[in-house]
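Have a look at target_33.txt below; it lists compact mmCIF, C-alpha atoms.
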```
# COMPACT_ATOMS: atom_id res chain seq x y z
CA MET U 163 55.97 95.63 97.81
CA VAL U 164 53.40 98.26 98.71
CA ALA U 165 52.27 100.62 96.01
CA PRO U 166 54.27 103.86 96.08
CA ASN U 167 52.43 106.68 97.84
CA SER U 168 53.69 110.05 96.63
CA ASN U 169 51.92 111.75 99.52
CA TYR U 170 54.31 110.03 101.92
CA ASP U 171 57.29 111.57 100.17
CA GLU U 172 55.98 115.06 100.90
CA ILE U 173 54.96 114.16 104.46
CA PHE U 174 58.35 112.59 105.19
CA THR U 175 60.19 115.60 103.75
CA THR U 176 58.13 118.08 105.76
CA THR U 177 58.48 116.04 108.95
CA LEU U 178 62.27 115.77 108.55
CA ALA U 179 62.50 119.54 107.98
CA ASN U 180 60.51 120.14 111.17
CA HIS U 181 62.78 117.80 113.13
CA THR U 182 66.01 119.41 111.91
CA PRO U 183 66.24 122.47 114.22
CA THR U 184 65.83 120.26 117.29
CA MET U 185 68.32 117.77 115.89
CA VAL U 186 70.94 120.46 115.21
CA ASP U 187 70.54 121.88 118.71
CA ALA U 188 71.04 118.40 120.19
CA ILE U 189 74.15 117.80 118.08
CA PHE U 190 75.87 121.03 119.14
CA THR U 191 75.05 120.87 122.83
CA ALA U 192 75.95 117.24 123.52
CA ARG U 193 79.75 117.37 123.25
CA VAL U 194 82.16 119.64 125.09
CA LEU U 195 83.85 121.51 122.22
CA THR U 196 80.73 122.24 120.18
CA PHE U 197 78.83 123.16 123.35
CA PHE U 198 81.40 125.83 124.20
CA LEU U 199 81.49 127.08 120.60
CA LYS U 200 77.71 127.41 120.64
CA GLN U 201 77.70 129.11 124.04
CA SER U 202 80.40 131.53 122.85
CA GLY U 203 78.46 132.42 119.70
CA GLN U 204 81.19 130.90 117.54
CA ILE U 205 79.02 128.85 115.21
CA LYS U 206 78.70 131.27 112.33
CA MET U 207 77.12 131.21 108.88
CA VAL U 208 78.64 132.68 105.71
CA SER U 209 77.00 132.87 102.33
CA GLY U 210 79.74 131.40 100.17
CA GLY U 211 83.06 132.09 98.52
CA HIS U 212 85.72 129.94 96.87
CA LYS U 213 87.19 129.36 100.33
CA ILE U 214 86.25 130.27 103.88
CA THR U 215 88.19 133.49 104.51
CA ARG U 216 88.70 134.89 108.01
CA PRO U 217 90.47 138.21 108.70
CA LEU U 218 93.52 138.25 110.97
CA MET U 219 95.39 140.98 112.82
CA TYR U 220 99.01 140.14 113.57
CA GLY U 221 100.79 143.50 113.89
CA LYS U 222 100.45 146.82 115.70
CA ASN U 223 99.50 150.19 114.25
CA THR U 224 102.88 151.93 114.03
CA THR U 225 101.34 155.43 113.94
CA ALA U 226 100.21 155.18 117.56
CA GLY U 227 102.38 157.14 120.03
CA SER U 228 102.78 160.21 122.13
CA TYR U 229 103.42 163.67 120.65
CA SER U 230 103.94 167.25 121.74
CA GLY U 231 102.62 170.54 120.40
CA SER U 232 102.95 170.82 116.64
CA ASP U 233 104.74 167.51 116.10
CA VAL U 234 103.82 165.76 112.86
CA ILE U 235 101.54 162.82 113.62
CA PRO U 236 102.48 159.81 111.46
CA THR U 237 100.05 158.79 108.74
CA THR U 238 101.95 155.81 107.38
CA ALA U 239 99.78 153.21 105.68
CA GLN U 240 99.59 150.16 107.89
CA THR U 241 100.32 146.50 107.35
CA GLY U 242 99.72 143.84 109.99
CA LEU U 243 96.39 142.69 108.58
CA SER U 244 95.96 139.43 106.72
CA ALA U 245 93.47 136.61 106.21
CA SER U 246 93.42 132.87 106.62
CA GLU U 247 91.81 130.65 104.00
CA TRP U 248 90.13 127.35 104.73
CA ASP U 249 88.67 124.76 102.39
CA TRP U 250 84.96 124.11 102.41
CA LYS U 251 84.24 120.59 103.64
CA GLN U 252 81.07 118.56 103.09
CA TYR U 253 79.16 116.14 105.27
CA ALA U 254 76.06 114.08 104.60
CA ALA U 255 73.84 111.53 106.28
CA SER U 256 71.07 109.58 104.57
CA VAL U 257 67.70 108.80 106.09
CA VAL U 258 66.47 105.60 104.43
CA ILE U 259 63.11 103.90 104.83
CA GLU U 260 62.78 100.49 103.19
CA GLY U 261 59.58 99.42 101.54
CA LEU U 262 59.18 96.46 103.89
CA GLU U 263 59.66 98.74 106.92
CA GLU U 264 56.96 101.00 105.54
CA ALA U 265 54.62 98.06 105.03
CA LYS U 266 55.21 96.72 108.54
CA ASN U 267 54.57 100.15 110.03
CA SER U 268 51.26 100.74 108.32
CA GLY U 269 49.19 103.59 109.64
CA GLU U 270 50.15 107.25 109.83
CA GLU U 271 51.18 107.19 113.52
CA ALA U 272 53.41 104.15 113.06
CA ILE U 273 55.01 105.70 109.98
CA PHE U 274 55.84 108.87 111.91
CA ASP U 275 57.31 106.79 114.74
CA LEU U 276 59.49 104.97 112.22
CA LEU U 277 60.68 108.24 110.68
CA GLU U 278 61.41 109.70 114.11
CA ALA U 279 63.53 106.66 114.96
CA LYS U 280 65.45 107.09 111.69
CA VAL U 281 66.01 110.80 112.38
CA THR U 282 67.23 110.04 115.91
CA GLN U 283 69.63 107.47 114.49
CA ALA U 284 71.00 110.04 112.02
CA GLN U 285 71.26 112.65 114.78
CA GLU U 286 73.27 110.42 117.10
CA THR U 287 75.56 109.34 114.28
CA ILE U 288 76.25 112.92 113.13
CA LEU U 289 76.81 113.98 116.75
CA GLU U 290 79.51 111.38 117.30
CA GLU U 291 81.14 111.74 113.89
CA PHE U 292 81.38 115.52 114.19
CA ASP U 293 82.99 115.16 117.62
CA VAL U 294 85.54 112.71 116.23
CA MET U 295 86.40 115.03 113.32
CA PHE U 296 86.69 118.20 115.44
CA LEU U 297 89.16 116.49 117.78
CA SER U 298 91.29 114.87 115.05
CA ASP U 299 93.66 116.29 112.43
CA GLY U 300 91.39 116.59 109.40
CA THR U 301 93.18 113.94 107.35
CA GLY U 302 90.54 111.23 107.76
CA ASN U 303 88.66 109.78 104.79
CA GLY U 304 91.42 110.80 102.41
CA GLY U 305 91.47 114.39 103.68
CA LYS U 306 87.72 114.87 103.24
CA ASP U 307 87.10 115.11 106.99
CA TRP U 308 86.61 118.52 108.54
CA ASN U 309 89.38 120.25 110.46
CA GLY U 310 90.15 119.27 114.05
CA LEU U 311 92.16 120.46 117.03
CA LYS U 312 95.08 118.17 116.21
CA ASN U 313 95.67 120.31 113.14
CA VAL U 314 94.36 123.71 114.25
CA VAL U 315 96.09 123.68 117.66
CA ALA U 316 98.46 120.76 118.12
CA GLN U 317 100.98 121.26 115.30
CA ASN U 318 103.25 124.03 114.03
CA ALA U 319 105.00 122.06 111.29
CA SER U 320 102.70 122.55 108.30
CA SER U 321 100.38 125.17 106.84
CA VAL U 322 97.14 125.92 108.67
CA GLY U 323 94.51 128.09 107.03
CA GLY U 324 96.93 128.81 104.19
CA ILE U 325 99.60 130.25 106.51
CA ASP U 326 102.83 128.48 107.47
CA PRO U 327 103.42 128.80 111.23
CA ALA U 328 107.08 127.82 110.76
CA THR U 329 107.54 131.04 108.79
CA TYR U 330 105.21 133.33 110.74
CA SER U 331 105.72 133.06 114.48
CA TRP U 332 102.53 135.00 115.22
CA TRP U 333 100.59 132.05 113.75
CA GLN U 334 102.16 129.47 116.07
CA THR U 335 100.31 127.81 118.91
CA ASN U 336 101.85 127.24 122.34
CA ILE U 337 102.85 123.58 122.31
CA ASP U 338 104.49 121.86 125.26
CA SER U 339 105.97 118.72 123.73
CA SER U 340 108.45 117.97 126.51
CA THR U 341 106.58 117.90 129.84
CA THR U 342 105.42 114.39 130.68
CA ALA U 343 104.37 114.91 134.30
CA LEU U 344 101.11 116.81 134.76
CA THR U 345 101.33 119.26 137.64
CA VAL U 346 99.48 122.44 138.48
CA ARG U 347 102.67 124.35 137.71
CA THR U 348 103.26 122.82 134.27
CA MET U 349 99.61 123.42 133.40
CA GLY U 350 100.01 127.01 134.54
CA THR U 351 102.95 127.54 132.18
CA THR U 352 100.99 126.50 129.07
CA TYR U 353 97.95 128.45 130.25
CA ASN U 354 100.05 131.60 130.78
CA ASN U 355 101.87 131.18 127.46
CA ALA U 356 98.50 131.23 125.70
CA SER U 357 97.35 134.33 127.62
CA ARG U 358 97.70 138.06 127.14
CA GLY U 359 96.29 140.08 130.04
CA ASN U 360 92.68 139.05 130.52
CA ASP U 361 92.57 137.30 127.14
CA THR U 362 93.01 133.78 128.50
CA PRO U 363 91.96 130.20 127.67
CA ASN U 364 88.35 129.58 128.65
CA LEU U 365 88.31 125.79 128.15
CA LEU U 366 90.77 123.02 129.02
CA LEU U 367 89.93 119.79 127.24
CA GLY U 368 91.81 116.52 127.65
CA THR U 369 91.55 112.78 127.88
CA GLN U 370 89.74 111.11 130.74
CA LEU U 371 93.07 110.00 132.25
CA VAL U 372 94.39 113.56 132.21
CA TYR U 373 91.19 114.79 133.84
CA GLU U 374 91.47 112.15 136.57
CA LYS U 375 95.14 112.99 137.09
CA TYR U 376 94.28 116.66 137.59
CA GLU U 377 91.48 115.67 139.96
CA SER U 378 94.02 113.78 142.07
CA LEU U 379 96.32 116.82 142.23
CA ILE U 380 93.91 119.21 143.87
CA GLN U 381 92.53 119.18 147.39
CA ALA U 382 88.90 118.26 147.95
CA ASN U 383 88.05 121.78 149.07
CA GLN U 384 89.56 123.17 145.85
CA ARG U 385 87.38 121.12 143.51
CA PHE U 386 85.28 123.95 142.17
CA VAL U 387 83.07 123.13 139.22
CA ASP U 388 81.94 125.26 136.30
CA VAL U 389 78.22 125.90 136.77
CA LYS U 390 77.55 126.32 133.05
CA SER U 391 79.20 122.99 132.22
CA ALA U 392 77.51 121.22 135.13
CA ASP U 393 74.09 122.53 134.11
CA ALA U 394 74.72 121.09 130.63
CA GLY U 395 75.46 117.66 132.15
CA PHE U 396 79.25 117.67 131.79
CA GLN U 397 81.68 116.67 134.53
CA SER U 398 84.04 119.57 135.10
CA LEU U 399 86.58 121.05 137.47
CA MET U 400 88.17 124.50 137.40
CA PHE U 401 91.73 125.51 136.60
CA LYS U 402 92.27 129.21 137.22
CA ASN U 403 89.22 130.77 135.55
CA ALA U 404 88.64 127.98 133.03
CA PRO U 405 86.74 124.70 133.32
CA ILE U 406 88.67 121.52 132.61
CA LEU U 407 86.70 118.68 131.03
CA PHE U 408 87.35 115.45 129.17
CA ASP U 409 86.06 113.90 125.97
CA ALA U 410 86.40 110.27 124.95
CA ASN U 411 87.45 111.36 121.45
CA VAL U 412 90.46 113.37 122.63
CA THR U 413 93.40 111.17 121.75
CA GLY U 414 97.13 111.44 122.10
CA THR U 415 100.02 109.72 120.38
CA GLY U 416 100.90 106.27 121.68
CA THR U 417 101.15 106.47 125.47
CA ALA U 418 101.18 110.30 125.44
CA ASP U 419 97.94 112.07 126.29
CA TYR U 420 96.79 115.54 125.19
CA LEU U 421 95.47 118.50 127.17
CA TYR U 422 94.22 121.48 125.16
CA PHE U 423 94.11 125.06 126.45
CA LEU U 424 91.51 126.68 124.20
CA ASN U 425 90.37 130.25 123.78
CA THR U 426 87.08 129.69 121.98
CA LYS U 427 86.83 133.39 121.11
CA TYR U 428 89.21 132.55 118.27
CA LEU U 429 87.79 129.16 117.28
CA GLN U 430 84.87 129.19 114.87
CA LEU U 431 82.69 126.54 113.32
CA ILE U 432 81.73 128.03 109.97
CA GLY U 433 78.68 126.83 108.10
CA HIS U 434 77.28 127.66 104.67
CA THR U 435 74.11 129.72 104.95
CA ASN U 436 72.18 127.71 102.34
CA ASN U 437 73.69 124.32 103.12
CA TRP U 438 73.71 123.98 106.87
CA PHE U 439 71.83 120.76 107.66
CA ARG U 440 69.79 121.16 104.52
CA ASN U 441 67.31 118.36 103.91
CA THR U 442 66.81 117.00 100.40
CA PRO U 443 63.31 115.77 99.50
CA PHE U 444 62.48 112.11 100.08
CA LYS U 445 62.54 110.22 96.81
CA GLN U 446 62.03 106.65 95.69
CA PRO U 447 64.82 105.47 93.32
CA ASP U 448 63.75 103.62 90.19
CA ASN U 449 65.77 100.51 91.07
CA GLN U 450 65.34 100.25 94.85
CA ASP U 451 62.44 99.61 97.20
CA ILE U 452 63.34 102.50 99.51
CA ARG U 453 62.61 106.14 100.21
CA VAL U 454 65.70 108.21 100.89
CA ALA U 455 66.63 111.77 101.81
CA GLN U 456 69.98 113.33 102.65
CA ILE U 457 70.96 115.79 105.35
CA LEU U 458 73.71 117.96 103.80
CA CYS U 459 76.14 120.22 105.61
CA TYR U 460 78.97 122.44 104.27
CA GLY U 461 81.52 124.13 106.53
CA ASN U 462 84.72 123.72 108.52
CA LEU U 463 86.37 124.37 111.86
CA VAL U 464 88.70 127.40 111.68
CA CYS U 465 90.89 129.52 113.94
CA THR U 466 91.52 133.28 113.84
CA ASN U 467 94.29 133.46 116.47
CA ARG U 468 96.44 130.37 116.97
CA ASN U 469 98.75 132.21 119.38
CA ARG U 470 95.96 132.28 121.97
CA GLN U 471 95.71 128.45 121.93
CA GLY U 472 97.86 125.92 123.77
CA VAL U 473 98.33 122.19 124.19
CA MET U 474 100.40 119.73 126.18
CA THR U 475 101.07 116.73 123.93
CA VAL U 476 103.19 114.22 125.83
CA ILE U 477 101.50 113.90 129.21
CA ASN U 478 101.90 110.58 131.01
CA PRO U 479 98.92 110.65 133.40
CA THR U 480 100.19 107.62 135.33
CA THR U 481 103.27 109.41 136.68
```

Go through the file and emit its structure as structure tokens.
Amino acid sequence: MVAPNSNYDEIFTTTLANHTPTMVDAIFTARVLTFFLKQSGQIKMVSGGHKITRPLMYGKNTTAGSYSGSDVIPTTAQTGLSASEWDWKQYAASVVIEGLEEAKNSGEEAIFDLLEAKVTQAQETILEEFDVMFLSDGTGNGGKDWNGLKNVVAQNASSVGGIDPATYSWWQTNIDSSTTALTVRTMGTTYNNASRGNDTPNLLLGTQLVYEKYESLIQANQRFVDVKSADAGFQSLMFKNAPILFDANVTGTGTADYLYFLNTKYLQLIGHTNNWFRNTPFKQPDNQDIRVAQILCYGNLVCTNRNRQGVMTVINPTT
């Protein structure tokens, strides 16, 4: 075992901190959902609170209306405003350098190369694990996983953000749980149900099979692509004014595939201001021949308007 070098602890910590901004950018631009959230400015930081609280507007102002001459203009106090509450979730990844690895990579340049490889490994792992969580239902790891679209968008049976959609219809998403055959018309129905005027879904996200089925439905000269998505390296087609893309982590139920109709204006990835990819110092435990630091992240995926989201949940892309 090499003699502990306290200078390395500080160098490792500083180097990891310098790598983090690049790592975070790579994580949130490499998968479809987080890319669109980032592009839409929907990755937001808040400074704390017992829960993540997001304001909601679900009703109209009843004082608005026409009047004539000296008519009394209503001044009734208004309801129709509420808030959703979401639990803070935690995520961590450890960067570990073993004593033998450190000894084999003697020399400052080799040590930095080793650390860079460890950081890249952590980055790729976080990237994939976040994508899995954000496309699932939030029940993984005993409910410790962060929220995902299967909860936020694809169900109306249980409470979401502290509000029961079965009780409050304005908090329900537009779920098509009966259409098995994917057609341009059936897609149009879910898209339109999730729209109000020009407030429409701006991202369709499904399985690869659903994407390929849609590709087979449209004529070659109709296969327009979304320039923004293409420039980011994603395969995309267009449906109405929204790109349609696929992600390997979008799953269905059994043989039924999912296709989400998302309005990312109302989807937010909330992070804690002081704990958003925060690096702990590298330390050497008393009983292990390693140096270790953690990358810590607090936050959750939330929604501020579920009625502007849609999903088809029982698509059979082979029909």

Of U:Leu367, U:Leu431, U:Ile477, U:Ala356, the one nearest to U:Gly416 when counting only C-alpha atoms is U:Ile477

Write out as a ChimeraX atom specification each polymer residue whose atoms come within 12 Å of stretch 267-275 of chain U, counting all atoms listed in the file; drop sequence neighbours fewer than 3 positions from it.
/U:164,169-171,173-178,181,259-264,278-282

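Using all atoms listed in the file, the nearest neighbour of U:Gln317 within the list U:Gln430, U:Thr348, U:Asn336, U:Ser357 is U:Asn336.
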
Which residues come within 12 Å of stretch 436-440 of chain U, counting all atoms listed in the file, excluding same-chain residues fewer than 6 positions away, as a PyMOL selection string?
chain U and resi 175+178-187+189+205-210+250-256+284-285+288+455-462

Between atom CA of U:Asp419 and atom CA of U:Thr369, distance in Å (one decimal):
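Atom-to-atom, atom CA of U:Asp419 and atom CA of U:Thr369 are spaced 6.6 Å apart.
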
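Checking U:Thr191, U:Ser391, U:Asn478, U:Ser232 one by one against U:Val372, counting only C-alpha atoms, you find the shortest gap at U:Asn478.
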
So the first atom is atom CA of U:Ser298 and the second is atom CA of U:Gln397; what is the distance between them in Å, to one decimal place?
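One can read the atom CA of U:Ser298 to atom CA of U:Gln397 distance as 21.8 Å.
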
Among the residues U:Ser246, U:Ala404, U:Leu399, U:Arg216, the one that comes closest to U:Pro327 [using only C-alpha atoms]:
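Among the listed residues, U:Ser246 lies closest to U:Pro327.
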
What gap, in Å, lies between atom CA of U:Gln204 and atom CA of U:Val322?
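Result for atom CA of U:Gln204 versus atom CA of U:Val322: 18.9 Å, one decimal.
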
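If you measure from each of U:Tyr420, U:Phe401, U:Trp333, U:Phe408 to U:Arg470 using all atoms listed in the file, the closest one turns out to be U:Trp333.
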
Excluding same-chain residues fewer than 4 positions from U:Gly323, what lies within 12 Å of it counting all atoms listed in the file, as a PyMOL selection string?
chain U and resi 213-218+244-250+309+313-315+318+327+333-334+462-468

Find, counting only C-alpha atoms, the residue in U:Asn360, U:Ser202, U:Asn354, U:Thr335 that gets nearest to U:Lys390.
U:Ser202

Would you mind listing what lies within 12 Å of U:Asp293 as a ChimeraX atom specification, with only C-alpha atoms counted and same-chain residues fewer than 2 positions away left out?
/U:189-197,286-291,295-300,307-311,409-413,463

Taking all listed atoms of stretch 246-253 of chain U, build the axis-aligned box, pad each of the six sides by 8 Å, then write its centre and edge lengths in Å to one decimal as lines of an AutoDock Vina configuration file.
```
center_x = 86.3
center_y = 124.5
center_z = 104.5
size_x = 30.3
size_y = 32.7
size_z = 20.2
```

Limit the output to N, CA and C atoms and give stretch 319-339 of chain U as an mmCIF file, in the first residue's frame.
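Okay, this is what ended up in selection31.cif:
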```cif
data_model
loop_
_atom_site.group_PDB
_atom_site.id
_atom_site.type_symbol
_atom_site.label_atom_id
_atom_site.label_comp_id
_atom_site.auth_asym_id
_atom_site.auth_seq_id
_atom_site.Cartn_x
_atom_site.Cartn_y
_atom_site.Cartn_z
ATOM 1 N N ALA U 319 -55.330 6.982 -11.590
ATOM 2 C CA ALA U 319 -55.992 6.206 -10.536
ATOM 3 C C ALA U 319 -55.561 6.594 -9.134
ATOM 4 N N SER U 320 -54.371 7.169 -8.978
ATOM 5 C CA SER U 320 -53.895 7.492 -7.634
ATOM 6 C C SER U 320 -53.317 8.901 -7.608
ATOM 7 N N SER U 321 -53.081 9.394 -6.420
ATOM 8 C CA SER U 321 -52.657 10.774 -6.200
ATOM 9 C C SER U 321 -51.324 11.069 -6.893
ATOM 10 N N VAL U 322 -51.255 12.235 -7.493
ATOM 11 C CA VAL U 322 -50.035 12.713 -8.143
ATOM 12 C C VAL U 322 -49.773 14.133 -7.655
ATOM 13 N N GLY U 323 -48.620 14.356 -7.068
ATOM 14 C CA GLY U 323 -48.329 15.684 -6.550
ATOM 15 C C GLY U 323 -49.261 16.099 -5.427
ATOM 16 N N GLY U 324 -49.801 15.123 -4.687
ATOM 17 C CA GLY U 324 -50.686 15.408 -3.584
ATOM 18 C C GLY U 324 -52.122 15.701 -3.974
ATOM 19 N N ILE U 325 -52.469 15.499 -5.246
ATOM 20 C CA ILE U 325 -53.820 15.769 -5.738
ATOM 21 C C ILE U 325 -54.361 14.499 -6.387
ATOM 22 N N ASP U 326 -55.588 14.142 -6.085
ATOM 23 C CA ASP U 326 -56.202 12.928 -6.618
ATOM 24 C C ASP U 326 -56.913 13.244 -7.933
ATOM 25 N N PRO U 327 -56.414 12.746 -9.050
ATOM 26 C CA PRO U 327 -57.058 13.042 -10.337
ATOM 27 C C PRO U 327 -58.440 12.412 -10.471
ATOM 28 N N ALA U 328 -58.719 11.359 -9.696
ATOM 29 C CA ALA U 328 -60.051 10.756 -9.740
ATOM 30 C C ALA U 328 -61.104 11.695 -9.157
ATOM 31 N N THR U 329 -60.673 12.579 -8.269
ATOM 32 C CA THR U 329 -61.581 13.546 -7.650
ATOM 33 C C THR U 329 -61.634 14.850 -8.430
ATOM 34 N N TYR U 330 -60.480 15.277 -8.936
ATOM 35 C CA TYR U 330 -60.385 16.568 -9.628
ATOM 36 C C TYR U 330 -60.075 16.331 -11.107
ATOM 37 N N SER U 331 -61.088 16.493 -11.929
ATOM 38 C CA SER U 331 -60.949 16.171 -13.354
ATOM 39 C C SER U 331 -59.926 17.056 -14.050
ATOM 40 N N TRP U 332 -59.733 18.274 -13.545
ATOM 41 C CA TRP U 332 -58.764 19.173 -14.172
ATOM 42 C C TRP U 332 -57.323 18.697 -13.974
ATOM 43 N N TRP U 333 -57.125 17.691 -13.130
ATOM 44 C CA TRP U 333 -55.790 17.153 -12.873
ATOM 45 C C TRP U 333 -55.572 15.822 -13.600
ATOM 46 N N GLN U 334 -56.511 15.454 -14.461
ATOM 47 C CA GLN U 334 -56.397 14.204 -15.199
ATOM 48 C C GLN U 334 -55.628 14.401 -16.506
ATOM 49 N N THR U 335 -54.850 13.399 -16.868
ATOM 50 C CA THR U 335 -54.206 13.398 -18.172
ATOM 51 C C THR U 335 -55.120 12.732 -19.193
ATOM 52 N N ASN U 336 -54.793 12.883 -20.452
ATOM 53 C CA ASN U 336 -55.590 12.332 -21.547
ATOM 54 C C ASN U 336 -55.023 10.971 -21.927
ATOM 55 N N ILE U 337 -55.643 9.928 -21.405
ATOM 56 C CA ILE U 337 -55.140 8.565 -21.583
ATOM 57 C C ILE U 337 -56.046 7.803 -22.540
ATOM 58 N N ASP U 338 -55.453 7.293 -23.606
ATOM 59 C CA ASP U 338 -56.166 6.390 -24.513
ATOM 60 C C ASP U 338 -55.729 4.976 -24.168
ATOM 61 N N SER U 339 -56.606 4.265 -23.452
ATOM 62 C CA SER U 339 -56.282 2.899 -23.016
ATOM 63 C C SER U 339 -57.114 1.867 -23.765
#
```
